[in-house]
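What follows is one structure encoded as structure tokens, with my remarks underneath.
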Amino acid sequence: MSKPAAALPVSGTVQQEPVQARARVKTRNKDFKQSDLAGYLFISPWLIGFLLFGLIPLLMSLWLAFTDYDILSPTTNFVGLDNFERMFFQDARYGRSVAATFRYVFASVPLRLAFALGVAILLNTKRRGVYWYRAAYYVPSIIGGSVAVAVMWRQIFGREGVVNAVAQMLGMDPVNWFGNPDTALWTLILLAVWQFGSPMLIFLAGLRQIPAEMYESASIDGATAWNKFLSITLPLLTPIIFFNLIMQTIGSFKVFTQAFIVTGGAPLDSTLFYSLYLYNRGFANFQMGYAAAMAWVMLLVIAVLTAVSFKLSSYWVFYETDVR
Amino acid sequence: MQNVQALPAKNVQQDKRKKQIRDGLIYHLLVGLVGLLMLYPILWLVSSSLKPADEIWTSVYSLVPSTFRFENYVNGWRGFGGISFLTFYKNSFFYTTVATIFTVTSSLVVAYGFARIKFRGKKIWFTVMLLTLMLPDQVLIIPQYIVFSQLDWINTFLPLLIPRLGGSVFFIFMIIQFIRGIPIDLDEAAMIDGANQFGVFYSVILPQLKPAFITAAIFSFYWTWDDFFGPLIYLTDPNLYTVSIALRNFSDSTSVTDWGAVFAMLTLSLVPVFLLFIFFQRYLVEGIATTGLKG
Amino acid sequence: MYSRKLRFISLLLVTMLFLALGSSALAQDAPLELQMTWWGSQNRHDRTIAVIEMYEAANPDIDIVYEFSNFTDYWPLVQTKAAGNQLPCIMQQDYQYLAEWANRGLLYPLDPFFTDGIIDISNVDQSILDSGSIDGQVYGLSLGTNSPSMILDVDAFEAAGIELPPLDWTYADFEAIATQLHDELGIWAISYGMDDVQMWRGVYISRGEWIFNDEGTALGYEDDQPFVDYLNMIRRLQESGAIASGEEQVEASANGHENSPIVTSGEAMRYQWSNQVVSIFSAAGEDRHFRLWPLPRTEGGASANYLKPSMFLSVPSQCENPEEAAAFLDFFTNSLEANEVLFAERGVPISTAVQDHLRPMLDTVGAETFAFIATVAEDASPNPPPEPQGWSDISANVYGPEFAEPIRYGLLTPEDGVVILREQADAILAQNE
């Protein structure tokens, strides 16, 4: 995607007084103290909340990563890098959980986002009945992580479930979706795609924010629908696409509930997501120190990936504030 | 989007109308069919809530119960030991409403600070904020519990509500992205007119954030409604239990589970979230009309 | 040490921050407030709450504050409470975790309450008390007696023209019967569960051995061959279709007991702990005929069954009123009135007086369970010692994922599997030395 705004006929007005605008920004930069104060005032709710409730648990968990903390024992010992050594060199299941998680992230995030964006565009219309469509597409996302969802998904992909019924109608052999290590993960990926409502709604809100005038003036200039999509919708939506990409990636790395309630990590650890494994280690096997170590390794991995995404974002994400 | 434009030649107009009808048909066929596919599991859920227990397992993809068993709802609503779902609903509404107001309000304020104000340390704090999102929650449960038990906040809604005053990183970041999509000219115009940052936030940015604000409110409501781990850990008195905990307390892997009641109560628990969505999405759509920006 | 320091530091930080905010945290202690927590589903919650109210009515000076959850949520919940020093005075405990909790000093030994007479144990068999004891002290009062069982679908046996096996059936009998059931009926003889960790225990208990040594520092048997033979027998049955394949087992074991294949006539036998059969019997309905049978055993060996407590009530050492908690335990165990409400839902009550009182009122399932426990008791093997520390690690991270599951999927032979099992289990147990 190129830097689109400048090429747009509609943004012509925006570019009228660039010199003055830059001058204004400079004058604002001078009185640093006042804007510092305003900035901290605005972010103070989060900052205070973080210092009061976030920081201590965070530091405690970091410290625990270097201990043999087991929750129940009265004593906890510092064990240095033992947990990390064990994770990387001795724990076969750890490798499998990393593999399952990466496969899940790289399959579910693009699928979910593409589906969400496509549907959001389809539903961003004033056609009759669109209210109901929107509700229909969003409802799957509100049933959440209840145990009944697990039952439902198991039944739908079960031996006699509807998916296999359709497969048989199309002349295919029924598949044992949850029993086969190659397909079990896909049932969870499909569950994530099916519950695509939150990125979809965010896309929809983003589409709503694009001023209608832009499309109108583009229409007058004779732009086709596809042209308008490429030159207006996509560029103006990039901040939201970027947001969804980052958040969905982080969320997918941390995915827990689906595997916890639907598959429990089976079969053959093919759905043993990282968070599920560390939860089991921490709570079921009394190895919270080890779990904390796992958690901080995950934080590092996500942080690196996120940092790279932010770096790369300057090439394709377009912010109104960047124009001047 | 259809733009009906008056064109002089009559047959062109007719062709256009025909094309519109055809497009509309294709649209409804496609979107409607996929929509039904999306809805199928939900219909399955609702029909299971009306089925006799054994039928949930045997007639797997039939959506019509052989007999309608409304007892599932009666048995479920009864709750546990005299504490009915009425109590759980009250608690859930209280928790969800307050938490949503706290979260969304704070997130709006904080997001403005990060998106529009230049201040020293902004990048660092923004990075720290994102980092807090990356640590799996499972390892924070115990440290957080220790902190809140030291404060003697166990068995109250305080550990669940007070931290919400800090906003939610997800919404803060989301609203930041929305604000960054808003042209900065209006800010500057207002500044020139003598408005300070608070004035700009309140009278320029806030009105344009309606879609983002409503999206955040819908999510926050639903995520809080669905949240069970926090309430499970911090609320000990069953009179304070939320719907999400009550739902989980129905099914147990080591003893008898009344699946009919589970499905019935799950179906009921979807109603408030669904109604809220239906109600709010009107505003989501209206958003477009009020976005009166000059280009 | 570190943990205390940790708590202290966090306390200090939090106090400082909140003094600044002017928030005051005053602890209010109601002296006769007892907290209780258990896991279960609606049925158990209702019954337990009714008994609590009964007790409060009889003891107006006691207020029992209760909290309940399902089994899955229960353990992270109580562990978190333990970490925050917020454990209740009465907690339901599970056999697999009792040692982990007792060894860490989190539970009061109950013996003083027996000698004081606060808990009346005159109608309770010593072996039942022993089942809750660790290093000679009782840390959990059993709530019901339990044993692993095979549910036999009598109608399926009849349809296949097979007589019910003798009570002391052997693994060879099992293989013959399973093959015959499958051949005659075309359904699974038993869908899954025959490579459960309980079968590992069973093979060695039947030989008079135990899977761990007395110190809990290594496996307790030398000869892997009996287990290899057993698993090869299971593999043969899997290959012939009498037992479900690895893939099919995932589906057969999903979605709760109510949906198990024996309920839908997809299998003729099922392995299940005896206190958990109610859901299966009631889901199958009145017109089906199920019996409970002991597990098969080694040729000429002892019973693979033993009597295990289904669950316990324990008194955590963080409790400030252990005597009052013990008094409630006594009520729960011995009150005929209370047990009429509880109605053996947690397993066959341990007091013989209560058993006799309930027997005439039992329904089909209850009668079958009571009879089964009585049958097992006749030649039950002695209760093995509680599993050593690290057991949850072995069962969760070694036995299933590195051993039983690959064998089930045909990716590993039992011969190679037992080597891995021994090597990895010993490595974990070596930490107990």
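Labels used: A, B, ... for chains in the order of the structure tokens, numbers from 1 for residues in each chain, and numbers from 1 for ligands as shown.
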Nearby residues (only C-alpha atoms) at most 9 Å from segment 220-225 of chain B, same-chain spacing under 5 positions excluded, as a list of chain:residue names:
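So, after excluding close chain neighbours, the residues are A:Ile142, A:Gly144, B:Ser92, B:Phe93, B:Tyr95, B:Thr96, B:Thr97, B:Ala99, B:Thr100, B:Ile101, B:Thr103, B:Val104, B:Phe171, B:Thr215, B:Thr242, B:Val243, B:Ser244, B:Ser269, B:Val273, B:Leu276.
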Could you write out the selected residues, including C-alpha atoms, as a PDB file, in the first residue's frame?
ATOM      1  CA  ILE A 142     -21.527 -13.496  22.615  1.00  0.00           C
ATOM      2  CA  GLY A 144     -18.266 -16.992  24.930  1.00  0.00           C
TER       3      GLY A 144
ATOM      4  CA  SER B  92     -24.421  -9.464  36.952  1.00  0.00           C
ATOM      5  CA  PHE B  93     -26.278  -6.307  35.951  1.00  0.00           C
ATOM      6  CA  TYR B  95     -21.191  -5.635  38.055  1.00  0.00           C
ATOM      7  CA  THR B  96     -21.486  -5.264  34.302  1.00  0.00           C
ATOM      8  CA  THR B  97     -23.021  -1.803  34.262  1.00  0.00           C
ATOM      9  CA  ALA B  99     -17.604  -1.954  35.203  1.00  0.00           C
ATOM     10  CA  THR B 100     -18.589  -0.808  31.717  1.00  0.00           C
ATOM     11  CA  ILE B 101     -19.099   2.796  32.770  1.00  0.00           C
ATOM     12  CA  THR B 103     -13.842   1.109  31.800  1.00  0.00           C
ATOM     13  CA  VAL B 104     -15.193   3.031  28.864  1.00  0.00           C
ATOM     14  CA  PHE B 171     -10.042  -0.076  24.543  1.00  0.00           C
ATOM     15  CA  THR B 215     -18.181  -0.521  20.194  1.00  0.00           C
ATOM     16  CA  THR B 242     -22.906 -13.604  38.871  1.00  0.00           C
ATOM     17  CA  VAL B 243     -24.717 -15.410  36.077  1.00  0.00           C
ATOM     18  CA  SER B 244     -21.414 -16.586  34.618  1.00  0.00           C
ATOM     19  CA  SER B 269     -27.908 -15.468  29.754  1.00  0.00           C
ATOM     20  CA  VAL B 273     -26.216  -9.111  25.785  1.00  0.00           C
ATOM     21  CA  LEU B 276     -28.002  -4.543  24.345  1.00  0.00           C
TER      22      LEU B 276
END
7 Å contact set for segment 197-207 of chain C, only C-alpha atoms, chain neighbours under 3 positions out, as a VMD selection string:
chain C and resid 194 210 to 211 227 297 to 298 301 to 304
Quick check: residues of chain C within 6 Å of chain B, only C-alpha atoms, returned as a list in words.
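Output check: Ala25, Gly40, Ser41, Gln42, Asp46, Ile49, Glu67, Ser69, Asn70, Phe71, Leu77, Thr80, Gly84, Gln276 and Ser279 of chain C.
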Could you save those same residues with N, CA and C atoms as a PDB file, in the first residue's frame?
ATOM      1  N   ALA C  25      -8.619  -0.510  55.688  1.00  0.00           N
ATOM      2  CA  ALA C  25      -9.067  -1.889  55.546  1.00  0.00           C
ATOM      3  C   ALA C  25      -9.177  -2.510  56.934  1.00  0.00           C
ATOM      4  N   GLY C  40     -19.074 -29.579  43.020  1.00  0.00           N
ATOM      5  CA  GLY C  40     -20.183 -30.448  42.640  1.00  0.00           C
ATOM      6  C   GLY C  40     -21.040 -29.773  41.594  1.00  0.00           C
ATOM      7  N   SER C  41     -22.228 -30.305  41.363  1.00  0.00           N
ATOM      8  CA  SER C  41     -23.173 -29.636  40.483  1.00  0.00           C
ATOM      9  C   SER C  41     -24.452 -29.348  41.262  1.00  0.00           C
ATOM     10  N   GLN C  42     -25.457 -28.859  40.548  1.00  0.00           N
ATOM     11  CA  GLN C  42     -26.669 -28.336  41.205  1.00  0.00           C
ATOM     12  C   GLN C  42     -27.199 -29.259  42.298  1.00  0.00           C
ATOM     13  N   ASP C  46     -27.511 -28.154  46.213  1.00  0.00           N
ATOM     14  CA  ASP C  46     -28.803 -28.089  46.906  1.00  0.00           C
ATOM     15  C   ASP C  46     -28.782 -28.908  48.202  1.00  0.00           C
ATOM     16  N   ILE C  49     -26.360 -27.399  50.895  1.00  0.00           N
ATOM     17  CA  ILE C  49     -26.882 -26.171  51.498  1.00  0.00           C
ATOM     18  C   ILE C  49     -28.003 -26.509  52.476  1.00  0.00           C
ATOM     19  N   GLU C  67     -19.384 -21.624  49.966  1.00  0.00           N
ATOM     20  CA  GLU C  67     -18.972 -21.254  48.616  1.00  0.00           C
ATOM     21  C   GLU C  67     -18.815 -22.551  47.845  1.00  0.00           C
ATOM     22  N   SER C  69     -18.320 -24.584  43.769  1.00  0.00           N
ATOM     23  CA  SER C  69     -17.962 -24.450  42.355  1.00  0.00           C
ATOM     24  C   SER C  69     -17.949 -25.841  41.749  1.00  0.00           C
ATOM     25  N   ASN C  70     -17.565 -25.922  40.485  1.00  0.00           N
ATOM     26  CA  ASN C  70     -17.431 -27.258  39.896  1.00  0.00           C
ATOM     27  C   ASN C  70     -16.003 -27.750  40.095  1.00  0.00           C
ATOM     28  N   PHE C  71     -15.773 -29.008  39.788  1.00  0.00           N
ATOM     29  CA  PHE C  71     -14.475 -29.620  40.079  1.00  0.00           C
ATOM     30  C   PHE C  71     -13.330 -28.891  39.375  1.00  0.00           C
ATOM     31  N   LEU C  77      -9.237 -22.279  42.527  1.00  0.00           N
ATOM     32  CA  LEU C  77      -9.864 -21.420  43.530  1.00  0.00           C
ATOM     33  C   LEU C  77      -9.257 -21.651  44.915  1.00  0.00           C
ATOM     34  N   THR C  80      -5.574 -20.643  45.164  1.00  0.00           N
ATOM     35  CA  THR C  80      -5.430 -19.200  45.283  1.00  0.00           C
ATOM     36  C   THR C  80      -5.736 -18.751  46.702  1.00  0.00           C
ATOM     37  N   GLY C  84      -3.368 -16.811  49.466  1.00  0.00           N
ATOM     38  CA  GLY C  84      -3.774 -15.554  50.080  1.00  0.00           C
ATOM     39  C   GLY C  84      -4.152 -15.712  51.541  1.00  0.00           C
ATOM     40  N   GLN C 276     -19.513 -42.241  40.639  1.00  0.00           N
ATOM     41  CA  GLN C 276     -19.852 -41.403  39.494  1.00  0.00           C
ATOM     42  C   GLN C 276     -20.814 -42.090  38.533  1.00  0.00           C
ATOM     43  N   SER C 279     -24.932 -40.603  37.235  1.00  0.00           N
ATOM     44  CA  SER C 279     -25.266 -39.845  36.034  1.00  0.00           C
ATOM     45  C   SER C 279     -25.503 -40.773  34.852  1.00  0.00           C
TER      46      SER C 279
END
Report as a tab-separated table: every residue of segment 120-219 of chain C with an atom at most 10 Å from segment 344-347 of chain C, its closest pair of atoms, and their distance in Å to one decimal, counting only C-alpha atoms, with rows sorted by chain and ascending residue number.
residue	atom	partner	partner_atom	distance
C:Ser142	CA	C:Gly347	CA	9.3
C:Leu143	CA	C:Arg346	CA	6.3
C:Gly144	CA	C:Gly347	CA	4.0
C:Thr145	CA	C:Gly347	CA	5.5
C:Asn146	CA	C:Gly347	CA	6.2
C:Ser147	CA	C:Gly347	CA	9.6
Find the spatial neighbours of Leu50 of chain B, counting only C-alpha atoms, within a cut-off of 7 Å - ignore same-chain residues fewer than 3 positions away - and output them as a PyMOL selection string.
chain B and resi 46-47+65+68-70+72
Tell me, as number ranges by chain, which residues lie within 9 Å of Leu188 of chain A, counting only C-alpha atoms; anything in the same chain fewer than 2 positions away does not count.
A: 104, 108, 184-186, 190-193, 258-259, 262-263, 271
Tell me which of B:Phe274, B:Phe279, B:Tyr112, B:Phe157 sits closest to Ile205 of chain B, counting only C-alpha atoms.
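Counting only C-alpha atoms, the residue closest to Ile205 of chain B is B:Tyr112.
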Distance limit 9 Å, atoms considered: only C-alpha atoms. Which chain A residues sit that close to chain C? Return them as a PDB file with C-alpha atoms, in the first residue's frame.
ATOM      1  CA  LEU A  52      -1.606   0.401  42.362  1.00  0.00           C
ATOM      2  CA  PHE A  53      -2.858  -2.882  40.981  1.00  0.00           C
ATOM      3  CA  ILE A  56       3.078  -5.403  42.092  1.00  0.00           C
ATOM      4  CA  PRO A  57       1.532  -8.570  40.608  1.00  0.00           C
ATOM      5  CA  MET A  60       5.853 -10.710  41.718  1.00  0.00           C
ATOM      6  CA  TYR A  69       7.041 -21.504  43.855  1.00  0.00           C
ATOM      7  CA  ILE A  71       1.507 -22.078  45.616  1.00  0.00           C
ATOM      8  CA  LEU A  72       0.960 -24.356  48.608  1.00  0.00           C
ATOM      9  CA  SER A  73       4.371 -24.685  50.241  1.00  0.00           C
ATOM     10  CA  PRO A  74       5.326 -22.333  53.028  1.00  0.00           C
ATOM     11  CA  THR A  75       8.801 -21.969  51.551  1.00  0.00           C
ATOM     12  CA  THR A  76       9.863 -20.844  48.109  1.00  0.00           C
ATOM     13  CA  ASN A  77      13.428 -21.156  46.854  1.00  0.00           C
ATOM     14  CA  PHE A  78      15.342 -19.115  44.352  1.00  0.00           C
ATOM     15  CA  ALA A  92       9.156 -32.239  25.379  1.00  0.00           C
ATOM     16  CA  ARG A  93       5.624 -31.000  25.901  1.00  0.00           C
ATOM     17  CA  ALA A 150     -17.723 -26.975  24.175  1.00  0.00           C
ATOM     18  CA  VAL A 151     -20.607 -29.424  24.055  1.00  0.00           C
ATOM     19  CA  ARG A 154     -18.190 -31.161  19.882  1.00  0.00           C
ATOM     20  CA  GLN A 155     -21.625 -32.114  18.635  1.00  0.00           C
ATOM     21  CA  GLY A 158     -18.970 -35.015  16.051  1.00  0.00           C
ATOM     22  CA  ARG A 159     -19.161 -38.306  14.200  1.00  0.00           C
ATOM     23  CA  ASN A 176     -13.061 -37.675  13.094  1.00  0.00           C
ATOM     24  CA  TRP A 177     -12.393 -33.995  13.627  1.00  0.00           C
ATOM     25  CA  PHE A 178     -11.467 -34.025  17.283  1.00  0.00           C
ATOM     26  CA  GLY A 179      -9.691 -37.372  17.275  1.00  0.00           C
ATOM     27  CA  ASN A 180      -7.269 -36.694  14.466  1.00  0.00           C
ATOM     28  CA  PRO A 181      -4.276 -34.598  15.554  1.00  0.00           C
ATOM     29  CA  VAL A 262     -13.258 -27.994  24.086  1.00  0.00           C
ATOM     30  CA  THR A 263     -10.204 -30.214  23.628  1.00  0.00           C
ATOM     31  CA  ALA A 266      -5.823 -33.495  23.088  1.00  0.00           C
ATOM     32  CA  PRO A 267      -5.134 -35.399  20.934  1.00  0.00           C
ATOM     33  CA  LEU A 268      -1.404 -35.978  21.221  1.00  0.00           C
ATOM     34  CA  ASP A 269      -0.909 -32.406  22.459  1.00  0.00           C
ATOM     35  CA  ASN A 280      -1.903 -26.820  33.949  1.00  0.00           C
ATOM     36  CA  ARG A 281       1.688 -26.645  35.097  1.00  0.00           C
ATOM     37  CA  PHE A 283      -2.345 -25.027  39.084  1.00  0.00           C
ATOM     38  CA  ALA A 284      -2.680 -28.760  38.411  1.00  0.00           C
ATOM     39  CA  ASN A 285       0.973 -29.706  38.864  1.00  0.00           C
ATOM     40  CA  PHE A 286       1.915 -27.192  41.541  1.00  0.00           C
ATOM     41  CA  GLN A 287       4.665 -25.590  39.450  1.00  0.00           C
TER      42      GLN A 287
END
Computed gap from atom CA of Ser203 of chain B to atom CA of Asp187 of chain B is 9.5 Å
So that I can see what lies close to Val301 of chain A, please list as a compact mmCIF listing (two decimals) with C-alpha atoms, in the first residue's frame the residues with an atom at most 10 Å from it, counting only C-alpha atoms and leaving out residues fewer than 6 positions away in the same chain.
# COMPACT_ATOMS: atom_id res chain seq x y z
CA PHE A 253 -0.94 -16.14 21.48
CA ALA A 295 4.65 -16.64 30.87
CA ALA A 307 7.72 -4.17 18.18
CA MET B 134 1.13 -9.62 26.80
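Proximity of A:Glu216, A:Asp221, A:Asp68, A:Glu320 to chain B, computed with only C-alpha atoms, is greatest for A:Glu320.
Residue nearest chain B within the list A:Ala205, A:Ile241, A:Leu170, A:Val308: A:Ala205 [criterion: smallest interatomic distance, only C-alpha atoms].
Closest approach to Phe343 of chain C from the set C:Tyr399, C:Phe212, C:Phe370, C:Phe328 is made by C:Phe370, with distances taken over only C-alpha atoms.
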With only C-alpha atoms as the counted atoms, please give the residues lying no more than 9 Å from segment 353-355 of chain C, apart from itself and same-chain residues fewer than 3 positions off, as a list of chain:residue names.
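Once the adjacent positions are removed, what remains is C:Asn123, C:Val124, C:Thr333, C:Asn334, C:Ser335, C:Leu336, C:Asn339, C:Glu340, C:Ala344, C:Val348, C:Pro349, C:Ile350, C:Leu358, C:Arg359, C:Phe370.
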Counting only C-alpha atoms, the residue of A:Ala167, A:Ala100, A:Leu230, A:Leu201 that sits nearest Tyr215 of chain A
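Residue with the minimum atom-to-atom distance to Tyr215 of chain A: A:Leu230.
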Can you pull out every residue from segment 144-279 of chain B that DSSP, working from the backbone, puts in helix (DSSP H, G or I), and format the result as a ChimeraX atom specification?
/B:144-150,158-166,169-180,185-192,197-208,210-226,229-234,238-240,243-248,259-279
